[in-house]
Amino acid sequence: MKLKVLFVMIMSVFLMSGCQNKPSTHNQRVKTEQRNNTIKINQKNWNKKLKDVKVLDQNEYKNAFIKIPKGYDDTATTLKSLENGNQYLIEGQLINLTSMISRPIAPETKATIYVSKVISGDKSLQGKTIKTVFAGGLTKGKYLYGDYGIKNSQKTIYYPSATFPMPKIGSQLIMGIGNYHPENNQQQKMYQKFNLNTGNFYTINNPETTFWVKVNGNYQINNPAFNNSAAKHNFKNIYKLTDKFNQK
C-alpha cells in the first residue's frame, strides 16, 4: 500500500512539472514565431528602401579598402582573449536595420539584435533586444567626407563598407560588444537623434576582426579580407576560433 502511495506521489510531481514546463515551451515558441514574422516584414521594408537606390561605386578603391586592420595580432586570437577583451561576447539574430541618413561624414546603420546567448559577460543580457550600429548604409552625398563624383548631393545613395559587408536581416551573428559611453556631447546628441542612448546602445569592439555571420549554416568572419586562401594560411588562429564557434 505504501509503495502505491509513493508511486502516485512521484507521478503527481512528474505530471505537475510537465504542466509547468508546457506553458514556458509554448511561450518560447510563440515568441520565436513572432520574431520570425517581424524579421520577414523588416526584410521586405528594408529591400523596398534599397530598391532603385544607387550603390556608391568604389571599384577603383576596393582592393585598397578590403584589408586586415593594421596591428591585428593573430597569435593572440583565442576564445579566452576574445572573452577577456570584450565586456560581452554574444550570439544573436539581426532583427532589423534602420537607416541613419543624416549621420555626418561616416555613414552608419542602426541594427536591432536579439541576444539569443551570452557566451561571456553579464547573462542578464540574454533574451533581450539591443541596438548597435553597423558601418555603411543609406546616406546622401552632402553628408559624406568626399563627393565621389556624386552630382546631386541631395540624392539618397547606398555607401557600402569594404571591410564590413552589411549582414542580411535575419542573420545569426557572433560579436564582441560593450556598453556605450559617449566620447563627447556632440556624439551623444548625434546618436540621441537616432534614439540610441546608454540604456539600449552597445558598441561593437573591433568589428573588422570580432564579428562573425552565419552563412549557409556555418559562421565565417565578416571581413572579406580574411576569406581567401592566403589569409587562411597566414591567420590560422582566427580560423581555429571560427571552427570552435561552428562546433557549438
# chains A, B, ... in the order shown; residues from 1 in each chain; ligands from 1
call {"tool": "select_by_dssp", "arguments": {"residues": "segment 4-237 of chain A", "states": "alpha helix (DSSP H)", "output": "ChimeraX atom specification"}}
result
/A:4-50,59-65,79-84,185-192,229-234,236-237
call {"tool": "write_last_selection", "arguments": {"atoms": "C-alpha atoms", "output": "PDB file, in the first residue's frame"}}
result
ATOM      1  CA  LYS A   4       1.349   2.525  -4.255  1.00  0.00           C
ATOM      2  CA  VAL A   5       1.015   5.837  -2.395  1.00  0.00           C
ATOM      3  CA  LEU A   6       4.674   6.649  -3.063  1.00  0.00           C
ATOM      4  CA  PHE A   7       4.234   5.826  -6.752  1.00  0.00           C
ATOM      5  CA  VAL A   8       1.170   8.081  -7.014  1.00  0.00           C
ATOM      6  CA  MET A   9       3.043  10.922  -5.301  1.00  0.00           C
ATOM      7  CA  ILE A  10       6.005  10.606  -7.666  1.00  0.00           C
ATOM      8  CA  MET A  11       3.738  10.542 -10.731  1.00  0.00           C
ATOM      9  CA  SER A  12       1.875  13.602  -9.437  1.00  0.00           C
ATOM     10  CA  VAL A  13       5.105  15.578  -9.078  1.00  0.00           C
ATOM     11  CA  PHE A  14       6.202  14.451 -12.552  1.00  0.00           C
ATOM     12  CA  LEU A  15       2.906  15.466 -14.135  1.00  0.00           C
ATOM     13  CA  MET A  16       2.893  18.798 -12.326  1.00  0.00           C
ATOM     14  CA  SER A  17       6.413  19.627 -13.510  1.00  0.00           C
ATOM     15  CA  GLY A  18       5.387  18.659 -17.028  1.00  0.00           C
ATOM     16  CA  CYS A  19       2.422  21.002 -16.889  1.00  0.00           C
ATOM     17  CA  GLN A  20       4.647  23.802 -15.621  1.00  0.00           C
ATOM     18  CA  ASN A  21       7.116  23.334 -18.468  1.00  0.00           C
ATOM     19  CA  LYS A  22       4.497  23.280 -21.227  1.00  0.00           C
ATOM     20  CA  PRO A  23       3.398  26.925 -20.920  1.00  0.00           C
ATOM     21  CA  SER A  24       7.049  28.004 -20.868  1.00  0.00           C
ATOM     22  CA  THR A  25       7.808  25.988 -24.008  1.00  0.00           C
ATOM     23  CA  HIS A  26       4.644  27.292 -25.653  1.00  0.00           C
ATOM     24  CA  ASN A  27       5.551  30.893 -24.822  1.00  0.00           C
ATOM     25  CA  GLN A  28       9.027  30.451 -26.277  1.00  0.00           C
ATOM     26  CA  ARG A  29       7.536  29.007 -29.458  1.00  0.00           C
ATOM     27  CA  VAL A  30       5.101  31.917 -29.769  1.00  0.00           C
ATOM     28  CA  LYS A  31       7.893  34.467 -29.237  1.00  0.00           C
ATOM     29  CA  THR A  32      10.061  32.752 -31.873  1.00  0.00           C
ATOM     30  CA  GLU A  33       7.187  32.801 -34.374  1.00  0.00           C
ATOM     31  CA  GLN A  34       6.539  36.485 -33.624  1.00  0.00           C
ATOM     32  CA  ARG A  35      10.237  37.266 -34.095  1.00  0.00           C
ATOM     33  CA  ASN A  36      10.326  35.385 -37.416  1.00  0.00           C
ATOM     34  CA  ASN A  37       7.239  37.273 -38.646  1.00  0.00           C
ATOM     35  CA  THR A  38       8.811  40.578 -37.605  1.00  0.00           C
ATOM     36  CA  ILE A  39      12.003  39.659 -39.477  1.00  0.00           C
ATOM     37  CA  LYS A  40      10.046  38.913 -42.678  1.00  0.00           C
ATOM     38  CA  ILE A  41       8.266  42.268 -42.500  1.00  0.00           C
ATOM     39  CA  ASN A  42      11.522  44.121 -41.759  1.00  0.00           C
ATOM     40  CA  GLN A  43      13.316  42.351 -44.624  1.00  0.00           C
ATOM     41  CA  LYS A  44      10.579  43.421 -47.029  1.00  0.00           C
ATOM     42  CA  ASN A  45      10.649  47.034 -45.825  1.00  0.00           C
ATOM     43  CA  TRP A  46      14.448  47.253 -45.981  1.00  0.00           C
ATOM     44  CA  ASN A  47      14.538  45.821 -49.504  1.00  0.00           C
ATOM     45  CA  LYS A  48      11.983  48.442 -50.541  1.00  0.00           C
ATOM     46  CA  LYS A  49      14.255  51.189 -49.261  1.00  0.00           C
ATOM     47  CA  LEU A  50      17.212  49.792 -51.206  1.00  0.00           C
ATOM     48  CA  ASN A  59      35.637  49.559 -57.627  1.00  0.00           C
ATOM     49  CA  GLU A  60      38.818  51.536 -58.196  1.00  0.00           C
ATOM     50  CA  TYR A  61      39.441  51.682 -54.425  1.00  0.00           C
ATOM     51  CA  LYS A  62      38.040  48.288 -53.484  1.00  0.00           C
ATOM     52  CA  ASN A  63      41.319  46.364 -53.269  1.00  0.00           C
ATOM     53  CA  ALA A  64      42.849  49.112 -51.137  1.00  0.00           C
ATOM     54  CA  PHE A  65      39.875  49.134 -48.747  1.00  0.00           C
ATOM     55  CA  LEU A  79      38.327  32.378 -27.341  1.00  0.00           C
ATOM     56  CA  LYS A  80      39.815  33.339 -23.969  1.00  0.00           C
ATOM     57  CA  SER A  81      41.320  36.564 -25.297  1.00  0.00           C
ATOM     58  CA  LEU A  82      38.055  37.397 -27.049  1.00  0.00           C
ATOM     59  CA  GLU A  83      36.137  36.881 -23.814  1.00  0.00           C
ATOM     60  CA  ASN A  84      38.648  38.885 -21.788  1.00  0.00           C
ATOM     61  CA  ASN A 185      28.433  65.896 -26.026  1.00  0.00           C
ATOM     62  CA  GLN A 186      28.392  66.218 -29.795  1.00  0.00           C
ATOM     63  CA  GLN A 187      28.476  62.453 -30.303  1.00  0.00           C
ATOM     64  CA  GLN A 188      25.878  61.927 -27.592  1.00  0.00           C
ATOM     65  CA  LYS A 189      23.457  64.371 -29.239  1.00  0.00           C
ATOM     66  CA  MET A 190      24.071  62.861 -32.663  1.00  0.00           C
ATOM     67  CA  TYR A 191      23.190  59.330 -31.509  1.00  0.00           C
ATOM     68  CA  GLN A 192      20.251  60.565 -29.407  1.00  0.00           C
ATOM     69  CA  SER A 229      43.417  31.025 -49.136  1.00  0.00           C
ATOM     70  CA  ALA A 230      46.320  33.371 -48.287  1.00  0.00           C
ATOM     71  CA  ALA A 231      44.575  34.661 -45.155  1.00  0.00           C
ATOM     72  CA  LYS A 232      43.669  31.114 -44.146  1.00  0.00           C
ATOM     73  CA  HIS A 233      47.361  30.232 -44.270  1.00  0.00           C
ATOM     74  CA  ASN A 234      48.622  33.413 -42.564  1.00  0.00           C
ATOM     75  CA  LYS A 236      45.325  30.332 -38.588  1.00  0.00           C
ATOM     76  CA  ASN A 237      44.075  31.266 -35.111  1.00  0.00           C
TER      77      ASN A 237
END
call {"tool": "residues_around", "arguments": {"residues": "Val215 of chain A", "least_positions_apart": "6", "cutoff": "12 Å", "atoms": "only C-alpha atoms", "output": "list of chain:residue names"}}
result
A:Pro167, A:Lys168, A:Gly170, A:Ser171, A:Gln172, A:Leu173, A:Ile221, A:Asn222, A:Asn246
call {"tool": "write_last_selection", "arguments": {"atoms": "all heavy atoms", "output": "PDB file, in the first residue's frame"}}
result
ATOM      1  N   PRO A 167      25.241  42.634 -42.955  1.00  0.00           N
ATOM      2  CA  PRO A 167      24.541  41.339 -42.833  1.00  0.00           C
ATOM      3  C   PRO A 167      23.070  41.486 -43.218  1.00  0.00           C
ATOM      4  O   PRO A 167      22.482  42.559 -43.064  1.00  0.00           O
ATOM      5  CB  PRO A 167      24.679  41.011 -41.338  1.00  0.00           C
ATOM      6  CG  PRO A 167      25.772  41.884 -40.829  1.00  0.00           C
ATOM      7  CD  PRO A 167      25.730  43.120 -41.656  1.00  0.00           C
ATOM      8  N   LYS A 168      22.489  40.405 -43.690  1.00  0.00           N
ATOM      9  CA  LYS A 168      21.066  40.425 -44.039  1.00  0.00           C
ATOM     10  C   LYS A 168      20.217  40.334 -42.773  1.00  0.00           C
ATOM     11  O   LYS A 168      20.604  39.680 -41.796  1.00  0.00           O
ATOM     12  CB  LYS A 168      20.734  39.251 -44.965  1.00  0.00           C
ATOM     13  CG  LYS A 168      21.378  39.353 -46.340  1.00  0.00           C
ATOM     14  CD  LYS A 168      21.005  38.152 -47.199  1.00  0.00           C
ATOM     15  CE  LYS A 168      21.650  38.249 -48.577  1.00  0.00           C
ATOM     16  NZ  LYS A 168      21.323  37.057 -49.407  1.00  0.00           N
ATOM     17  N   GLY A 170      17.802  38.945 -40.294  1.00  0.00           N
ATOM     18  CA  GLY A 170      17.540  37.535 -40.010  1.00  0.00           C
ATOM     19  C   GLY A 170      18.801  36.731 -39.785  1.00  0.00           C
ATOM     20  O   GLY A 170      18.739  35.595 -39.299  1.00  0.00           O
ATOM     21  N   SER A 171      19.968  37.316 -40.100  1.00  0.00           N
ATOM     22  CA  SER A 171      21.245  36.609 -39.955  1.00  0.00           C
ATOM     23  C   SER A 171      21.560  36.293 -38.494  1.00  0.00           C
ATOM     24  O   SER A 171      21.241  37.072 -37.596  1.00  0.00           O
ATOM     25  CB  SER A 171      22.389  37.454 -40.532  1.00  0.00           C
ATOM     26  OG  SER A 171      22.243  37.644 -41.910  1.00  0.00           O
ATOM     27  N   GLN A 172      22.213  35.148 -38.290  1.00  0.00           N
ATOM     28  CA  GLN A 172      22.750  34.785 -36.980  1.00  0.00           C
ATOM     29  C   GLN A 172      24.155  35.373 -36.871  1.00  0.00           C
ATOM     30  O   GLN A 172      24.948  35.273 -37.813  1.00  0.00           O
ATOM     31  CB  GLN A 172      22.802  33.260 -36.819  1.00  0.00           C
ATOM     32  CG  GLN A 172      21.468  32.558 -36.987  1.00  0.00           C
ATOM     33  CD  GLN A 172      20.532  32.786 -35.809  1.00  0.00           C
ATOM     34  OE1 GLN A 172      20.968  33.121 -34.702  1.00  0.00           O
ATOM     35  NE2 GLN A 172      19.247  32.613 -36.037  1.00  0.00           N
ATOM     36  N   LEU A 173      24.468  35.970 -35.718  1.00  0.00           N
ATOM     37  CA  LEU A 173      25.712  36.711 -35.556  1.00  0.00           C
ATOM     38  C   LEU A 173      26.435  36.327 -34.263  1.00  0.00           C
ATOM     39  O   LEU A 173      25.795  35.931 -33.288  1.00  0.00           O
ATOM     40  CB  LEU A 173      25.425  38.224 -35.513  1.00  0.00           C
ATOM     41  CG  LEU A 173      24.457  38.802 -36.547  1.00  0.00           C
ATOM     42  CD1 LEU A 173      24.073  40.225 -36.156  1.00  0.00           C
ATOM     43  CD2 LEU A 173      25.085  38.778 -37.928  1.00  0.00           C
ATOM     44  N   ILE A 221      34.062  34.779 -40.557  1.00  0.00           N
ATOM     45  CA  ILE A 221      34.421  36.140 -40.190  1.00  0.00           C
ATOM     46  C   ILE A 221      33.859  37.080 -41.262  1.00  0.00           C
ATOM     47  O   ILE A 221      33.956  36.797 -42.453  1.00  0.00           O
ATOM     48  CB  ILE A 221      35.953  36.289 -40.019  1.00  0.00           C
ATOM     49  CG1 ILE A 221      36.320  37.612 -39.367  1.00  0.00           C
ATOM     50  CG2 ILE A 221      36.686  36.043 -41.291  1.00  0.00           C
ATOM     51  CD1 ILE A 221      36.118  37.668 -37.889  1.00  0.00           C
ATOM     52  N   ASN A 222      33.235  38.171 -40.845  1.00  0.00           N
ATOM     53  CA  ASN A 222      32.509  39.029 -41.786  1.00  0.00           C
ATOM     54  C   ASN A 222      33.430  39.813 -42.715  1.00  0.00           C
ATOM     55  O   ASN A 222      33.070  40.088 -43.854  1.00  0.00           O
ATOM     56  CB  ASN A 222      31.615  40.003 -41.002  1.00  0.00           C
ATOM     57  CG  ASN A 222      30.620  40.727 -41.886  1.00  0.00           C
ATOM     58  OD1 ASN A 222      29.981  40.108 -42.736  1.00  0.00           O
ATOM     59  ND2 ASN A 222      30.486  42.029 -41.695  1.00  0.00           N
ATOM     60  N   ASN A 246      31.651  27.020 -34.797  1.00  0.00           N
ATOM     61  CA  ASN A 246      30.809  26.138 -35.618  1.00  0.00           C
ATOM     62  C   ASN A 246      30.621  24.754 -35.004  1.00  0.00           C
ATOM     63  O   ASN A 246      29.728  24.006 -35.415  1.00  0.00           O
ATOM     64  CB  ASN A 246      31.414  26.003 -37.018  1.00  0.00           C
ATOM     65  CG  ASN A 246      31.180  27.241 -37.851  1.00  0.00           C
ATOM     66  OD1 ASN A 246      30.109  27.834 -37.821  1.00  0.00           O
ATOM     67  ND2 ASN A 246      32.192  27.657 -38.608  1.00  0.00           N
TER      68      ASN A 246
END
call {"tool": "closest_atom_pairs", "arguments": {"of": "segment 166-208 of chain A", "to": "segment 122-141 of chain A", "cutoff": "7 Å", "atoms": "only C-alpha atoms", "output": "Markdown table"}}
result
| residue | atom | partner | partner_atom | distance |
| --- | --- | --- | --- | --- |
| A:Asn200 | CA | A:Ile130 | CA | 5.6 |
| A:Phe201 | CA | A:Lys131 | CA | 4.8 |
| A:Tyr202 | CA | A:Thr132 | CA | 5.2 |
| A:Thr203 | CA | A:Thr132 | CA | 5.7 |
call {"tool": "atom_distance", "arguments": {"atom1": "atom CA of Leu89 of chain A", "atom2": "atom CA of Tyr180 of chain A"}}
result
14.8 Å
call {"tool": "residues_around", "arguments": {"residues": "Ile238 of chain A", "least_positions_apart": "2", "cutoff": "10 Å", "atoms": "only C-alpha atoms", "output": "PyMOL selection string"}}
result
chain A and resi 73-79+209-210+220-221+226+231-232+234-236+240-244
call {"tool": "atom_distance", "arguments": {"atom1": "atom CA of Ile113 of chain A", "atom2": "atom CA of Lys248 of chain A"}}
result
20.3 Å
call {"tool": "residues_around", "arguments": {"residues": "Phe194 of chain A", "least_positions_apart": "2", "cutoff": "10 Å", "atoms": "only C-alpha atoms", "output": "list in words"}}
result
Thr98, Ser99, Met100, Ile101, Ser102, Arg103, Thr109, Lys110, Lys189, Met190, Tyr191, Gln192, Leu196 and Asn197 of chain A
call {"tool": "write_last_selection", "arguments": {"atoms": "all heavy atoms", "output": "compact mmCIF listing (two decimals), in the first residue's frame"}}
result
# COMPACT_ATOMS: atom_id res chain seq x y z
N THR A 98 17.90 49.98 -39.61
CA THR A 98 17.24 51.28 -39.72
C THR A 98 18.25 52.30 -40.22
O THR A 98 19.35 52.43 -39.65
CB THR A 98 16.69 51.74 -38.35
OG1 THR A 98 15.89 50.70 -37.80
CG2 THR A 98 15.85 53.00 -38.49
N SER A 99 17.90 53.01 -41.28
CA SER A 99 18.84 53.98 -41.87
C SER A 99 19.09 55.16 -40.95
O SER A 99 18.23 55.55 -40.15
CB SER A 99 18.31 54.47 -43.22
OG SER A 99 17.05 55.08 -43.06
N MET A 100 20.30 55.70 -41.04
CA MET A 100 20.70 56.89 -40.29
C MET A 100 21.21 57.90 -41.32
O MET A 100 22.38 58.31 -41.29
CB MET A 100 21.78 56.52 -39.26
CG MET A 100 21.32 55.49 -38.23
SD MET A 100 22.69 54.78 -37.26
CE MET A 100 23.31 56.22 -36.38
N ILE A 101 20.33 58.31 -42.22
CA ILE A 101 20.74 59.09 -43.39
C ILE A 101 21.46 60.38 -43.04
O ILE A 101 22.41 60.77 -43.71
CB ILE A 101 19.51 59.36 -44.30
CG1 ILE A 101 19.10 58.05 -44.99
CG2 ILE A 101 19.82 60.42 -45.36
CD1 ILE A 101 17.92 58.15 -45.90
N SER A 102 21.05 61.05 -41.99
CA SER A 102 21.66 62.35 -41.68
C SER A 102 22.89 62.24 -40.79
O SER A 102 23.40 63.25 -40.31
CB SER A 102 20.63 63.26 -41.01
OG SER A 102 20.13 62.69 -39.82
N ARG A 103 23.39 61.02 -40.60
CA ARG A 103 24.61 60.84 -39.82
C ARG A 103 25.78 61.37 -40.66
O ARG A 103 26.03 60.92 -41.76
CB ARG A 103 24.82 59.35 -39.52
CG ARG A 103 25.83 59.11 -38.38
CD ARG A 103 27.14 58.64 -38.93
NE ARG A 103 27.99 58.10 -37.88
CZ ARG A 103 29.01 58.75 -37.32
NH1 ARG A 103 29.31 59.98 -37.72
NH2 ARG A 103 29.73 58.21 -36.37
N THR A 109 24.43 52.42 -39.98
CA THR A 109 23.06 51.90 -39.98
C THR A 109 22.75 51.34 -38.61
O THR A 109 23.56 50.58 -38.04
CB THR A 109 22.90 50.78 -41.04
OG1 THR A 109 23.21 51.32 -42.33
CG2 THR A 109 21.48 50.23 -41.05
N LYS A 110 21.61 51.72 -38.06
CA LYS A 110 21.21 51.20 -36.74
C LYS A 110 20.74 49.75 -36.90
O LYS A 110 19.95 49.43 -37.80
CB LYS A 110 20.10 52.07 -36.14
CG LYS A 110 19.68 51.62 -34.75
CD LYS A 110 18.86 52.68 -34.02
CE LYS A 110 17.48 52.82 -34.58
NZ LYS A 110 16.63 53.72 -33.75
N LYS A 189 24.63 63.74 -28.61
CA LYS A 189 23.46 64.37 -29.24
C LYS A 189 23.17 63.76 -30.60
O LYS A 189 22.02 63.57 -30.97
CB LYS A 189 23.69 65.88 -29.37
CG LYS A 189 23.61 66.63 -28.06
CD LYS A 189 23.90 68.11 -28.26
CE LYS A 189 23.86 68.85 -26.92
NZ LYS A 189 24.21 70.29 -27.09
N MET A 190 24.24 63.45 -31.34
CA MET A 190 24.07 62.86 -32.66
C MET A 190 23.37 61.51 -32.58
O MET A 190 22.42 61.24 -33.31
CB MET A 190 25.43 62.72 -33.34
CG MET A 190 25.37 62.23 -34.80
SD MET A 190 25.46 60.43 -34.95
CE MET A 190 27.15 60.14 -34.44
N TYR A 191 23.81 60.65 -31.64
CA TYR A 191 23.19 59.33 -31.51
C TYR A 191 21.80 59.41 -30.88
O TYR A 191 20.92 58.61 -31.21
CB TYR A 191 24.08 58.39 -30.71
CG TYR A 191 25.20 57.78 -31.53
CD1 TYR A 191 26.53 57.84 -31.10
CD2 TYR A 191 24.93 57.12 -32.73
CE1 TYR A 191 27.55 57.27 -31.87
CE2 TYR A 191 25.94 56.57 -33.49
CZ TYR A 191 27.25 56.65 -33.05
OH TYR A 191 28.25 56.08 -33.81
N GLN A 192 21.58 60.38 -30.00
CA GLN A 192 20.25 60.56 -29.41
C GLN A 192 19.21 60.87 -30.48
O GLN A 192 18.04 60.48 -30.35
CB GLN A 192 20.28 61.69 -28.37
CG GLN A 192 20.85 61.26 -27.02
CD GLN A 192 20.94 62.41 -26.03
OE1 GLN A 192 20.89 63.59 -26.40
NE2 GLN A 192 21.07 62.08 -24.75
N LEU A 196 19.42 56.35 -29.86
CA LEU A 196 20.47 55.49 -29.33
C LEU A 196 21.04 56.16 -28.09
O LEU A 196 21.49 57.31 -28.15
CB LEU A 196 21.58 55.28 -30.37
CG LEU A 196 21.18 54.50 -31.62
CD1 LEU A 196 22.28 54.57 -32.67
CD2 LEU A 196 20.88 53.05 -31.28
N ASN A 197 21.00 55.44 -26.97
CA ASN A 197 21.45 56.02 -25.71
C ASN A 197 22.12 54.95 -24.85
O ASN A 197 22.20 53.78 -25.25
CB ASN A 197 20.28 56.67 -24.97
CG ASN A 197 19.11 55.69 -24.79
OD1 ASN A 197 19.24 54.66 -24.14
ND2 ASN A 197 17.96 56.00 -25.39
call {"tool": "closest_residue", "arguments": {"among": "A:Ile169, A:Thr198, A:Glu91, A:Ala225", "to": "Glu183 of chain A", "atoms": "only C-alpha atoms"}}
result
A:Thr198
call {"tool": "select_by_dssp", "arguments": {"residues": "segment 13-246 of chain A", "states": "strand (DSSP E or B)", "output": "MDAnalysis selection string"}}
result
chainID A and resid 54:55 88:99 105 108:120 129:135 137:140 144 156:159 172:179 201:204 211:215 218:221
call {"tool": "write_last_selection", "arguments": {"atoms": "C-alpha atoms", "output": "CSV table (one decimal), in the first residue's frame"}}
result
chain,number,residue,atom,x,y,z
A,54,LYS,CA,22.4,53.9,-56.4
A,55,VAL,CA,25.2,52.0,-54.7
A,88,TYR,CA,30.1,40.8,-23.6
A,89,LEU,CA,30.6,38.1,-26.2
A,90,ILE,CA,27.2,37.3,-27.6
A,91,GLU,CA,25.4,35.2,-30.2
A,92,GLY,CA,22.3,36.8,-31.6
A,93,GLN,CA,20.0,37.4,-34.5
A,94,LEU,CA,19.7,40.6,-36.6
A,95,ILE,CA,16.0,41.6,-36.3
A,96,ASN,CA,16.1,45.0,-38.2
A,97,LEU,CA,18.1,47.6,-40.0
A,98,THR,CA,17.2,51.3,-39.7
A,99,SER,CA,18.8,54.0,-41.9
A,105,ILE,CA,30.9,62.0,-42.5
A,108,GLU,CA,26.2,54.0,-40.3
A,109,THR,CA,23.1,51.9,-40.0
A,110,LYS,CA,21.2,51.2,-36.7
A,111,ALA,CA,20.9,47.5,-36.1
A,112,THR,CA,18.4,45.8,-33.8
A,113,ILE,CA,19.7,42.5,-32.4
A,114,TYR,CA,18.0,39.8,-30.3
A,115,VAL,CA,20.6,38.3,-27.9
A,116,SER,CA,20.0,34.5,-28.0
A,117,LYS,CA,23.1,33.6,-26.0
A,118,VAL,CA,25.6,35.4,-23.8
A,119,ILE,CA,28.9,33.4,-24.4
A,120,SER,CA,30.7,35.6,-21.8
A,129,THR,CA,16.8,43.1,-27.7
A,130,ILE,CA,19.6,45.6,-28.0
A,131,LYS,CA,20.7,48.3,-30.5
A,132,THR,CA,24.1,48.8,-32.2
A,133,VAL,CA,25.4,50.4,-35.4
A,134,PHE,CA,27.0,48.9,-38.5
A,135,ALA,CA,29.4,50.7,-40.8
A,137,GLY,CA,24.4,52.2,-45.3
A,138,LEU,CA,22.0,54.8,-46.7
A,139,THR,CA,23.1,58.4,-46.8
A,140,LYS,CA,23.2,61.5,-49.0
A,144,LEU,CA,29.9,62.3,-47.0
A,156,THR,CA,19.9,59.1,-51.3
A,157,ILE,CA,22.7,56.6,-52.1
A,158,TYR,CA,24.0,53.4,-50.5
A,159,TYR,CA,27.5,53.6,-49.2
A,172,GLN,CA,22.7,34.8,-37.0
A,173,LEU,CA,25.7,36.7,-35.6
A,174,ILE,CA,28.5,36.4,-33.0
A,175,MET,CA,30.2,39.6,-31.8
A,176,GLY,CA,32.1,41.3,-29.0
A,177,ILE,CA,30.3,44.3,-27.6
A,178,GLY,CA,30.4,46.8,-24.7
A,179,ASN,CA,28.3,49.4,-23.1
A,201,PHE,CA,23.0,51.0,-27.3
A,202,TYR,CA,26.0,48.7,-27.3
A,203,THR,CA,29.1,49.3,-29.4
A,204,ILE,CA,30.9,46.6,-31.4
A,211,PHE,CA,32.3,39.9,-35.9
A,212,TRP,CA,31.0,36.6,-37.4
A,213,VAL,CA,28.0,36.0,-39.6
A,214,LYS,CA,26.4,32.6,-40.3
A,215,VAL,CA,26.4,31.8,-44.0
A,218,ASN,CA,28.3,28.0,-40.8
A,219,TYR,CA,29.9,31.0,-39.1
A,220,GLN,CA,32.5,33.0,-41.0
A,221,ILE,CA,34.4,36.1,-40.2
call {"tool": "closest_residue", "arguments": {"among": "A:Pro182, A:Ser153, A:Val53, A:Lys70", "to": "Glu208 of chain A", "atoms": "only C-alpha atoms"}}
result
A:Lys70
call {"tool": "closest_residue", "arguments": {"among": "A:Pro160, A:Gly199, A:Gly217, A:Gly71", "to": "Gln247 of chain A", "atoms": "only C-alpha atoms"}}
result
A:Gly217
call {"tool": "atom_distance", "arguments": {"atom1": "atom CA of Gly85 of chain A", "atom2": "atom CA of Asn216 of chain A"}}
result
28.4 Å
